[in-house]
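Source file: model_27.tsv. Holds: TSV, C-alpha atoms.
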chain	number	residue	atom	x	y	z
N	134	MET	CA	-22.17	-4.90	-21.41
N	135	ALA	CA	-19.24	-2.92	-22.74
N	136	LEU	CA	-18.61	0.02	-20.47
N	137	ASP	CA	-17.92	3.34	-22.06
N	138	TYR	CA	-14.31	4.22	-21.36
N	139	ARG	CA	-10.90	3.53	-22.76
N	140	ASN	CA	-7.86	2.70	-20.65
N	141	SER	CA	-5.17	4.69	-22.42
N	142	ARG	CA	-2.46	3.88	-19.90
N	143	THR	CA	0.78	2.73	-21.50
N	144	PRO	CA	3.28	1.07	-19.19
N	145	GLU	CA	6.95	1.88	-19.76
N	146	ALA	CA	8.13	-1.49	-18.45
N	147	GLU	CA	6.66	-4.98	-18.38
N	148	VAL	CA	4.40	-5.30	-15.37
N	149	ASP	CA	1.41	-7.36	-14.28
N	150	SER	CA	-1.74	-5.93	-15.87
N	151	MET	CA	-3.51	-5.76	-12.51
N	152	PHE	CA	-1.62	-2.54	-11.72
N	153	ILE	CA	-2.70	-0.88	-14.99
N	154	ASP	CA	-6.29	-2.12	-14.70
N	155	ARG	CA	-6.80	-0.64	-11.24
N	156	TRP	CA	-8.17	2.88	-11.32
N	157	SER	CA	-10.61	5.07	-9.42
N	158	PRO	CA	-13.96	5.50	-11.14
N	159	ARG	CA	-16.84	7.65	-9.90
N	160	ALA	CA	-19.74	5.93	-11.70
N	161	PHE	CA	-20.83	3.14	-9.36
N	162	SER	CA	-23.78	0.81	-9.68
N	163	ASP	CA	-25.81	0.63	-6.47
N	164	LYS	CA	-25.67	-3.17	-6.57
N	165	PRO	CA	-24.66	-4.37	-3.09
N	166	LEU	CA	-21.61	-6.51	-2.47
N	167	THR	CA	-22.17	-10.02	-1.19
N	168	ASP	CA	-20.95	-10.78	2.34
N	169	CYS	CA	-18.29	-12.97	0.76
N	170	GLN	CA	-17.01	-10.14	-1.46
N	171	LEU	CA	-16.89	-7.71	1.45
N	172	ALA	CA	-15.04	-10.20	3.66
N	173	GLY	CA	-12.57	-10.83	0.83
N	174	LEU	CA	-11.61	-7.15	0.76
N	175	PHE	CA	-10.76	-7.16	4.46
N	176	GLU	CA	-9.04	-10.52	4.19
N	177	ALA	CA	-6.71	-9.03	1.55
N	178	ALA	CA	-5.93	-6.12	3.87
N	179	ARG	CA	-5.36	-8.52	6.73
N	180	TRP	CA	-2.31	-10.12	5.10
N	181	ALA	CA	-0.53	-6.87	4.27
N	182	PRO	CA	2.97	-6.49	5.74
N	183	SER	CA	3.57	-4.13	8.65
N	184	CYS	CA	6.29	-2.93	10.96
N	185	TYR	CA	6.80	-5.60	13.67
N	186	ASN	CA	3.66	-7.24	12.26
N	187	GLU	CA	1.63	-4.65	14.20
N	188	GLN	CA	-1.21	-4.62	11.63
N	189	PRO	CA	-2.12	-1.06	12.62
N	190	TRP	CA	-5.02	-0.72	10.15
N	191	LEU	CA	-8.73	-0.61	10.88
N	192	PHE	CA	-11.37	-0.19	8.18
N	193	ILE	CA	-14.74	1.16	9.34
N	194	TYR	CA	-17.37	0.49	6.72
N	195	ALA	CA	-20.97	1.34	5.89
N	196	ILE	CA	-23.35	-0.79	3.83
N	197	LYS	CA	-26.71	0.00	5.46
N	198	PRO	CA	-28.45	3.08	3.98
N	199	LYS	CA	-28.45	4.89	7.34
N	200	ASP	CA	-24.73	4.29	7.87
N	201	ARG	CA	-23.89	5.36	4.31
N	202	GLU	CA	-25.85	8.59	4.81
N	203	ARG	CA	-23.85	9.27	7.99
N	204	PHE	CA	-20.52	8.51	6.31
N	205	LEU	CA	-21.40	10.72	3.32
N	206	GLU	CA	-21.74	13.72	5.63
N	207	ALA	CA	-17.99	13.62	6.26
N	208	LEU	CA	-17.12	13.80	2.55
N	209	VAL	CA	-16.62	17.05	0.66
N	210	PRO	CA	-19.56	17.90	-1.65
N	211	GLY	CA	-17.51	17.05	-4.75
N	212	ASN	CA	-17.17	13.47	-3.51
N	213	GLN	CA	-20.68	13.19	-2.06
N	214	VAL	CA	-22.29	13.61	-5.47
N	215	TRP	CA	-20.85	10.39	-6.85
N	216	ALA	CA	-19.93	8.40	-3.71
N	217	ARG	CA	-23.58	8.26	-2.59
N	218	ARG	CA	-24.21	5.63	-5.25
N	219	ALA	CA	-21.45	3.30	-4.08
N	220	PRO	CA	-22.81	0.34	-2.07
N	221	VAL	CA	-19.84	0.38	0.34
N	222	LEU	CA	-18.15	3.35	1.98
N	223	MET	CA	-15.18	2.97	4.31
N	224	PHE	CA	-12.67	4.97	6.25
N	225	ALA	CA	-9.10	3.73	6.61
N	226	LEU	CA	-7.64	4.25	10.08
N	227	ALA	CA	-4.20	3.62	11.55
N	228	ARG	CA	-3.34	3.11	15.21
N	229	ARG	CA	-0.86	5.74	16.30
N	230	ARG	CA	1.01	3.62	18.88
N	231	PHE	CA	2.26	0.05	19.07
N	232	GLN	CA	0.04	-2.33	21.01
N	233	SER	CA	3.07	-4.04	22.52
N	234	ASN	CA	4.84	-1.06	24.08
N	235	ASP	CA	2.61	2.02	23.53
N	236	LYS	CA	5.42	3.80	21.63
N	237	ASP	CA	4.68	5.99	18.60
N	238	ASN	CA	4.41	3.94	15.41
N	239	ARG	CA	6.05	6.04	12.69
N	240	HIS	CA	5.15	3.43	10.09
N	241	ALA	CA	1.40	3.13	10.72
N	242	ALA	CA	0.26	5.28	7.76
N	243	PHE	CA	2.71	3.58	5.38
N	244	ASP	CA	1.53	0.13	6.50
N	245	THR	CA	-2.13	1.10	6.26
N	246	GLY	CA	-1.47	2.29	2.72
N	247	ALA	CA	-0.21	-1.21	1.92
N	248	ALA	CA	-3.42	-2.68	3.37
N	249	TRP	CA	-5.49	-0.21	1.31
N	250	MET	CA	-3.68	-1.25	-1.88
N	251	SER	CA	-4.53	-4.87	-1.11
N	252	ILE	CA	-8.21	-3.92	-0.87
N	253	ALA	CA	-8.01	-2.05	-4.18
N	254	LEU	CA	-6.42	-5.01	-5.99
N	255	GLN	CA	-8.71	-7.61	-4.42
N	256	ALA	CA	-11.68	-5.44	-5.49
N	257	ARG	CA	-10.52	-5.75	-9.11
N	258	ARG	CA	-10.19	-9.53	-8.70
N	259	LEU	CA	-13.91	-9.50	-7.79
N	260	GLY	CA	-14.84	-7.33	-10.77
N	261	LEU	CA	-15.22	-4.32	-8.47
N	262	HIS	CA	-13.42	-0.99	-8.16
N	263	ALA	CA	-12.26	0.91	-5.09
N	264	HIS	CA	-11.76	4.68	-5.05
N	265	ALA	CA	-9.87	6.31	-2.17
N	266	MET	CA	-10.55	9.94	-1.28
N	267	ALA	CA	-8.61	12.55	0.60
N	268	GLY	CA	-11.57	14.91	0.24
N	269	PHE	CA	-13.31	14.56	3.61
N	270	SER	CA	-13.52	16.46	6.87
N	271	ARG	CA	-11.34	14.76	9.44
N	272	GLN	CA	-13.19	16.55	12.22
N	273	LYS	CA	-16.56	15.27	11.00
N	274	ALA	CA	-15.19	11.77	10.41
N	275	TYR	CA	-13.83	11.51	13.97
N	276	LYS	CA	-17.25	12.49	15.31
N	277	ILE	CA	-19.38	10.38	12.97
N	278	LEU	CA	-17.27	7.24	13.48
N	279	ASN	CA	-16.78	7.84	17.22
N	280	VAL	CA	-13.01	7.38	16.85
N	281	PRO	CA	-10.62	8.26	19.71
N	282	GLU	CA	-8.43	10.85	17.98
N	283	ASN	CA	-5.49	10.30	20.33
N	284	ASP	CA	-5.33	6.64	19.38
N	285	TYR	CA	-6.17	6.54	15.66
N	286	ASP	CA	-5.41	8.61	12.56
N	287	ILE	CA	-8.14	8.68	9.91
N	288	LEU	CA	-6.23	8.53	6.64
N	289	ALA	CA	-8.66	8.10	3.75
N	290	ALA	CA	-12.27	7.56	2.75
N	291	ILE	CA	-12.91	4.72	0.30
N	292	ALA	CA	-15.84	3.88	-1.98
N	293	VAL	CA	-16.20	0.34	-3.32
N	294	GLY	CA	-18.64	-1.10	-5.81
N	295	GLN	CA	-19.25	-2.22	-9.33
N	296	ARG	CA	-18.53	0.31	-12.03
N	297	CYS	CA	-21.37	1.38	-14.34
N	298	GLU	CA	-21.98	3.67	-17.32
N	299	PRO	CA	-20.82	7.26	-16.69
N	300	SER	CA	-24.29	8.42	-17.76
N	301	VAL	CA	-25.35	8.15	-14.09
N	302	LEU	CA	-23.01	11.08	-13.37
N	303	SER	CA	-23.42	14.77	-14.12
N	304	LYS	CA	-21.72	15.92	-17.31
N	305	GLU	CA	-18.92	17.60	-15.35
N	306	VAL	CA	-18.14	14.51	-13.26
N	307	ALA	CA	-18.61	12.12	-16.20
N	308	ALA	CA	-15.94	14.05	-18.11
N	309	GLN	CA	-13.33	12.88	-15.55
N	310	GLU	CA	-14.39	9.25	-15.82
N	311	LYS	CA	-11.26	7.62	-17.18
N	312	PRO	CA	-8.03	6.17	-15.81
N	313	ASN	CA	-5.55	8.97	-15.12
N	314	GLN	CA	-1.93	9.09	-16.19
N	315	ARG	CA	1.37	9.08	-14.32
N	316	GLN	CA	4.70	10.87	-14.23
N	317	PRO	CA	7.48	9.26	-16.29
N	318	LEU	CA	8.85	6.05	-14.82
N	319	VAL	CA	12.21	7.74	-14.35
N	320	ASN	CA	10.65	9.89	-11.61
N	321	VAL	CA	9.82	6.86	-9.47
N	322	PHE	CA	13.36	5.72	-8.70
N	323	ALA	CA	16.93	6.91	-8.26
N	324	GLU	CA	20.10	4.83	-8.16
N	325	GLY	CA	22.52	5.17	-5.28
N	326	GLN	CA	21.36	8.52	-3.98
N	327	PHE	CA	18.68	11.18	-4.07
N	328	LYS	CA	17.94	12.95	-7.32
N	329	LYS	CA	15.47	15.70	-8.15
N	330	LEU	CA	12.46	14.94	-10.33
N	331	VAL	CA	12.69	15.61	-14.06
P	237	MET	CA	14.03	-27.07	-6.14
P	238	ALA	CA	11.57	-27.34	-3.27
P	239	LEU	CA	12.44	-24.72	-0.73
P	240	ASP	CA	12.37	-25.68	2.88
P	241	TYR	CA	9.40	-23.91	4.45
P	242	ARG	CA	5.67	-24.37	4.87
P	243	ASN	CA	3.14	-21.59	4.38
P	244	SER	CA	0.75	-22.33	7.23
P	245	ARG	CA	-1.39	-19.27	6.66
P	246	THR	CA	-5.10	-20.02	6.62
P	247	PRO	CA	-7.34	-17.29	5.22
P	248	GLU	CA	-10.67	-16.74	6.98
P	249	ALA	CA	-12.38	-15.53	3.80
P	250	GLU	CA	-11.96	-16.24	0.09
P	251	VAL	CA	-9.22	-14.02	-1.28
P	252	ASP	CA	-6.75	-14.04	-4.16
P	253	SER	CA	-3.82	-16.27	-3.25
P	254	MET	CA	-1.30	-13.53	-4.10
P	255	PHE	CA	-1.98	-11.90	-0.73
P	256	ILE	CA	-1.32	-15.14	1.17
P	257	ASP	CA	1.75	-16.01	-0.91
P	258	ARG	CA	3.46	-12.68	-0.22
P	259	TRP	CA	5.71	-12.78	2.82
P	260	SER	CA	9.02	-11.37	3.98
P	261	PRO	CA	11.85	-13.90	3.91
P	262	ARG	CA	15.42	-13.28	5.06
P	263	ALA	CA	17.22	-15.97	3.05
P	264	PHE	CA	18.02	-14.35	-0.29
P	265	SER	CA	20.05	-15.74	-3.16
P	266	ASP	CA	22.66	-13.25	-4.40
P	267	LYS	CA	21.45	-13.74	-7.99
P	268	PRO	CA	21.00	-10.27	-9.50
P	269	LEU	CA	17.73	-9.05	-10.93
P	270	THR	CA	17.58	-8.36	-14.65
P	271	ASP	CA	17.07	-4.73	-15.70
P	272	CYS	CA	13.60	-5.75	-16.89
P	273	GLN	CA	12.66	-7.20	-13.48
P	274	LEU	CA	13.92	-4.13	-11.65
P	275	ALA	CA	12.04	-1.76	-13.98
P	276	GLY	CA	8.89	-3.85	-13.49
P	277	LEU	CA	9.01	-3.26	-9.74
P	278	PHE	CA	9.10	0.50	-10.20
P	279	GLU	CA	6.49	0.36	-12.96
P	280	ALA	CA	4.11	-1.35	-10.52
P	281	ALA	CA	4.74	1.39	-7.95
P	282	ARG	CA	4.23	4.03	-10.61
P	283	TRP	CA	0.54	3.14	-11.12
P	284	ALA	CA	-0.41	3.20	-7.45
P	285	PRO	CA	-3.20	5.60	-6.52
P	286	SER	CA	-2.40	8.80	-4.63
P	287	CYS	CA	-4.04	11.91	-3.25
P	288	TYR	CA	-4.62	14.34	-6.17
P	289	ASN	CA	-2.48	11.94	-8.22
P	290	GLU	CA	0.58	13.51	-6.58
P	291	GLN	CA	2.62	10.26	-6.77
P	292	PRO	CA	4.70	11.34	-3.77
P	293	TRP	CA	6.89	8.21	-3.71
P	294	LEU	CA	10.55	7.90	-4.60
P	295	PHE	CA	12.49	4.64	-4.35
P	296	ILE	CA	16.26	4.96	-4.07
P	297	TYR	CA	17.90	1.65	-4.87
P	298	ALA	CA	21.30	-0.04	-4.77
P	299	ILE	CA	22.42	-2.89	-7.00
P	300	LYS	CA	26.16	-2.19	-7.33
P	301	PRO	CA	28.27	-3.76	-4.56
P	302	LYS	CA	29.57	-0.35	-3.43
P	303	ASP	CA	26.08	1.12	-3.21
P	304	ARG	CA	24.74	-1.92	-1.36
P	305	GLU	CA	27.57	-1.64	1.17
P	306	ARG	CA	26.68	2.02	1.73
P	307	PHE	CA	22.97	1.27	2.10
P	308	LEU	CA	23.68	-1.58	4.54
P	309	GLU	CA	25.38	0.83	6.90
P	310	ALA	CA	22.03	2.48	7.59
P	311	LEU	CA	20.38	-0.80	8.63
P	312	VAL	CA	20.35	-2.10	12.19
P	313	PRO	CA	22.77	-5.02	12.71
P	314	GLY	CA	19.90	-7.52	12.95
P	315	ASN	CA	18.89	-6.63	9.40
P	316	GLN	CA	22.41	-6.26	8.04
P	317	VAL	CA	23.21	-9.92	8.68
P	318	TRP	CA	20.65	-11.18	6.18
P	319	ALA	CA	19.99	-8.15	3.94
P	320	ARG	CA	23.61	-8.12	2.74
P	321	ARG	CA	22.84	-11.12	0.56
P	322	ALA	CA	19.91	-9.46	-1.24
P	323	PRO	CA	20.84	-8.24	-4.75
P	324	VAL	CA	18.64	-5.13	-4.44
P	325	LEU	CA	18.29	-2.78	-1.49
P	326	MET	CA	16.00	0.23	-1.55
P	327	PHE	CA	14.67	2.99	0.62
P	328	ALA	CA	11.08	4.19	0.22
P	329	LEU	CA	10.71	7.97	0.44
P	330	ALA	CA	7.68	10.25	0.41
P	331	ARG	CA	7.62	13.94	-0.55
P	332	ARG	CA	6.28	15.93	2.38
P	333	ARG	CA	4.56	18.67	0.35
P	334	PHE	CA	2.46	18.83	-2.81
P	335	GLN	CA	4.34	19.81	-5.94
P	336	SER	CA	1.43	21.93	-7.12
P	337	ASN	CA	0.95	24.23	-4.12
P	338	ASP	CA	3.75	23.41	-1.63
P	339	LYS	CA	1.19	22.56	1.09
P	340	ASP	CA	1.74	19.70	3.52
P	341	ASN	CA	0.68	16.35	2.06
P	342	ARG	CA	-0.93	14.44	4.94
P	343	HIS	CA	-1.43	11.42	2.69
P	344	ALA	CA	2.12	10.95	1.41
P	345	ALA	CA	3.06	8.06	3.71
P	346	PHE	CA	-0.24	6.27	3.10
P	347	ASP	CA	0.16	6.64	-0.67
P	348	THR	CA	3.78	5.52	-0.56
P	349	GLY	CA	2.63	2.45	1.36
P	350	ALA	CA	0.31	1.64	-1.55
P	351	ALA	CA	3.24	1.98	-3.97
P	352	TRP	CA	5.36	-0.29	-1.74
P	353	MET	CA	2.61	-2.95	-1.74
P	354	SER	CA	2.60	-2.83	-5.54
P	355	ILE	CA	6.34	-3.53	-5.53
P	356	ALA	CA	5.88	-6.43	-3.13
P	357	LEU	CA	3.16	-8.04	-5.24
P	358	GLN	CA	4.94	-7.44	-8.55
P	359	ALA	CA	8.04	-9.06	-7.00
P	360	ARG	CA	6.01	-12.23	-6.38
P	361	ARG	CA	4.77	-12.16	-9.97
P	362	LEU	CA	8.45	-12.30	-10.98
P	363	GLY	CA	9.21	-15.17	-8.62
P	364	LEU	CA	10.93	-12.76	-6.24
P	365	HIS	CA	10.27	-11.61	-2.70
P	366	ALA	CA	10.46	-8.14	-1.14
P	367	HIS	CA	11.05	-7.57	2.57
P	368	ALA	CA	10.42	-4.12	4.07
P	369	MET	CA	12.28	-3.07	7.21
P	370	ALA	CA	11.64	-0.43	9.82
P	371	GLY	CA	14.96	-1.35	11.42
P	372	PHE	CA	17.29	1.34	10.08
P	373	SER	CA	18.81	4.60	11.27
P	374	ARG	CA	16.90	7.48	9.69
P	375	GLN	CA	19.78	9.81	10.46
P	376	LYS	CA	22.27	7.58	8.66
P	377	ALA	CA	19.88	7.00	5.75
P	378	TYR	CA	19.40	10.76	5.18
P	379	LYS	CA	23.15	11.18	5.08
P	380	ILE	CA	24.00	8.13	2.96
P	381	LEU	CA	21.32	8.87	0.38
P	382	ASN	CA	21.91	12.63	0.40
P	383	VAL	CA	18.20	13.26	0.93
P	384	PRO	CA	16.90	16.78	1.82
P	385	GLU	CA	15.16	16.01	5.14
P	386	ASN	CA	12.83	19.00	4.90
P	387	ASP	CA	11.43	17.74	1.62
P	388	TYR	CA	11.30	13.94	1.98
P	389	ASP	CA	10.41	11.44	4.69
P	390	ILE	CA	12.35	8.14	4.58
P	391	LEU	CA	9.74	5.54	5.48
P	392	ALA	CA	11.21	2.08	5.00
P	393	ALA	CA	14.17	0.05	3.81
P	394	ILE	CA	13.40	-2.77	1.38
P	395	ALA	CA	15.35	-5.85	0.30
P	396	VAL	CA	14.39	-7.62	-2.94
P	397	GLY	CA	15.66	-10.83	-4.45
P	398	GLN	CA	15.09	-14.48	-5.03
P	399	ARG	CA	14.44	-16.58	-1.96
P	400	CYS	CA	16.83	-19.44	-1.19
P	401	GLU	CA	17.34	-22.19	1.35
P	402	PRO	CA	17.41	-20.89	4.94
P	403	SER	CA	20.71	-22.75	5.41
P	404	VAL	CA	22.49	-19.58	4.25
P	405	LEU	CA	21.32	-17.93	7.49
P	406	SER	CA	22.55	-18.37	11.04
P	407	LYS	CA	20.51	-20.81	13.13
P	408	GLU	CA	18.84	-17.98	15.04
P	409	VAL	CA	17.76	-16.11	11.91
P	410	ALA	CA	16.82	-19.29	10.06
P	411	ALA	CA	14.42	-20.16	12.87
P	412	GLN	CA	12.27	-17.12	11.92
P	413	GLU	CA	12.19	-18.07	8.24
P	414	LYS	CA	8.50	-18.69	7.66
P	415	PRO	CA	5.41	-16.65	6.80
P	416	ASN	CA	4.04	-15.00	9.94
P	417	GLN	CA	0.44	-14.98	11.11
P	418	ARG	CA	-2.19	-12.29	11.53
P	419	GLN	CA	-4.77	-11.10	14.02
P	420	PRO	CA	-8.29	-12.47	13.53
P	421	LEU	CA	-10.10	-11.03	10.52
P	422	VAL	CA	-12.65	-9.47	12.86
P	423	ASN	CA	-9.95	-7.07	14.05
P	424	VAL	CA	-9.49	-5.57	10.56
P	425	PHE	CA	-12.93	-3.97	10.18
P	426	ALA	CA	-15.82	-2.44	12.11
P	427	GLU	CA	-19.32	-1.70	10.86
P	428	GLY	CA	-20.77	1.78	11.22
P	429	GLN	CA	-18.48	3.06	13.95
P	430	PHE	CA	-15.26	2.52	15.84
P	431	LYS	CA	-14.83	-0.61	17.95
P	432	LYS	CA	-11.99	-1.78	20.14
P	433	LEU	CA	-9.93	-4.77	19.07
P	434	VAL	CA	-10.86	-8.20	20.43
Hey, can you dump this file as structure tokens for me?
Amino acid sequence: MALDYRNSRTPEAEVDSMFIDRWSPRAFSDKPLTDCQLAGLFEAARWAPSCYNEQPWLFIYAIKPKDRERFLEALVPGNQVWARRAPVLMFALARRRFQSNDKDNRHAAFDTGAAWMSIALQARRLGLHAHAMAGFSRQKAYKILNVPENDYDILAAIAVGQRCEPSVLSKEVAAQEKPNQRQPLVNVFAEGQFKKLV
Amino acid sequence: MALDYRNSRTPEAEVDSMFIDRWSPRAFSDKPLTDCQLAGLFEAARWAPSCYNEQPWLFIYAIKPKDRERFLEALVPGNQVWARRAPVLMFALARRRFQSNDKDNRHAAFDTGAAWMSIALQARRLGLHAHAMAGFSRQKAYKILNVPENDYDILAAIAVGQRCEPSVLSKEVAAQEKPNQRQPLVNVFAEGQFKKLV
């Protein structure tokens, strides 16, 4: 089945196509992941690099209908409408302090972002897509997931599944269903010292 | 040339080998990157996902000897000894506030971590390695890079280059020259709600 969208992303430099082919759809099939697929996502996260190899990430996931309903309650309505179809919902958490010495870990969010990117790329390797969301209530998420707020930061909600035809979405949401663009490459880097964006 | 190390990492679940093959060596050849390779690293970062597609990352890099010397000064001595051989040094920065509305961006470090992971994986695609470091003086880095501290958070230093024989390192540093291990997979995820690590 050819899915109805066009990836109009044009890289400015030669790069592995996996980075261009990863995007964040909203139209998910409700087809469940196999145990092997789900474990593969976490395995990818597991090998991400981290400060002092602390591995500060924790991914709390929902696949059972009851758990997914609970997780959905923490999302903003604009995300609930499409994320309820996804067979896997997750929250990405980072431990605030090092396990070794209980000091603040200033790098926990950065490292957990690396683990999240691994999940997103491994999802594509499995023919799946992952879509991270900032649109959720932290307060609700702490309560729903029973997370000790002093110990962990809840950084993102994530939906994972197989993409399907945008026709499952409302017209308004379906209209957004394409890979988004980026700032010019020149805004990503600076040589030698800080520069302002163009 | 067969390089002297063994990757003894054993995944617990089936996962793309790129995640296992990415690690953080210290023995770098001083062979420069081509312009095309360097641009490819930033291009990979460019397509990372981010909250509201803000793309809060900025990578400040050094390839000229004078710039690399300056950047090295911000690293802790334990990193200076090996990172001075790497042909590319970078710092990963995240904008603290959204460009659209000037509000705090709570997701900037997480998103910049995703962009960093893209660089690390693209480096492997090019036969290179990237090694991120928390061991640097933030105060020195702000000064050396001329970064407005109110606007940007400096999250990590990064060395990129081609790996070489560990014999270029001191005995002490060479002894660490192998891919490190991870916590059990079961510590990466929890179903339904928070759980403590095993």
Report as a PyMOL selection string all protein, DNA and RNA residues lying within 12 Å of Ala207 of chain N, evaluated on only C-alpha atoms, omitting residues in the same chain fewer than 3 positions from it. chain N and resi 200-204+210-213+216-217+222-224+266-278+287+289-291
Using atom CA of Ala356 of chain P and atom CA of Cys184 of chain N as the two end points, give the distance in Å to one decimal.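 These atoms are spaced 14.5 Å apart.
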Using Å and a single decimal, report how far atom CA of Arg218 of chain N sits from atom CA of Asn279 of chain N.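 Distance between the two atoms: 23.8 Å.
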For the point (21.0, 6.5, -2.3) in the file's frame, write as a CSV table (one decimal) with C-alpha atoms, in the coordinates of the input all residues with an atom no more than 6 Å away, counting only C-alpha atoms.
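Dumped everything to point26.csv:
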chain,number,residue,atom,x,y,z
N,325,GLY,CA,22.5,5.2,-5.3
N,326,GLN,CA,21.4,8.5,-4.0
N,327,PHE,CA,18.7,11.2,-4.1
P,296,ILE,CA,16.3,5.0,-4.1
P,381,LEU,CA,21.3,8.9,0.4
Neighbours of segment 309-314 of chain N within 10 Å (only C-alpha atoms; same-chain residues fewer than 6 positions away dropped), as a list in words?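 Using only C-alpha atoms, the neighbours found are Asp137, Tyr138, Arg139, Asn140, Ser141, Arg142, Thr143, Ile153, Asp154, Arg155, Trp156, Ser157, Pro158, Arg159, Ala160, Glu298, Pro299 and Leu302 of chain N; Arg282, Trp283, Pro285 and Asn289 of chain P.
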Counting all atoms listed in the file, the residue of P:Asn337, P:Ala322, P:Gln398, P:Gln419 that sits nearest Leu433 of chain P: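 The closest residue to Leu433 of chain P is P:Gln419.
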Would you compute the distance between atom CA of Ser406 of chain P and atom CA of Ala359 of chain P? Give it in Å to one decimal.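 About the pair atom CA of Ser406 of chain P and atom CA of Ala359 of chain P: they are 25.0 Å apart.
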For Val383 of chain P, the closest of N:Ala242, N:Leu318, N:Leu259, N:Ala323 counting all atoms listed in the file is N:Ala323
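Summary of the local environment: counting only C-alpha atoms, residues at most 9 Å from Arg333 of chain P, other than itself and those fewer than 4 positions away along its chain, are Pro292, Asn337, Asp338, Lys339, Asp340, Asn341, Arg342, Ala344, Asp387 and Tyr388 of chain P.
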Counting all atoms listed in the file, find the residues whose atoms lie at most 12 Å from (14.9, -2.8, -15.3) (file coordinates) and write them out as a PyMOL selection string. (chain N and resi 145-148+318-319+322+324) or (chain P and resi 268-280+297+299+324)
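Using only C-alpha atoms, the shortest contact distance between chain N and any of P:Cys400, P:Leu357, P:Leu294, P:Val409 is found at P:Leu294.
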Using all atoms listed in the file: which of P:Phe255, P:Pro301, P:Pro323, P:Leu311 has the shortest distance to Ser251 of chain N: P:Phe255
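Distance check against chain P using all atoms listed in the file: of N:Trp215, N:Phe161, N:Tyr185, N:Phe192, the minimum falls on N:Phe192.
With all atoms listed in the file as the atoms that count, the residue of P:Arg332, P:His365, P:Lys300, P:Lys407 with the shortest distance to chain N is P:Lys300.
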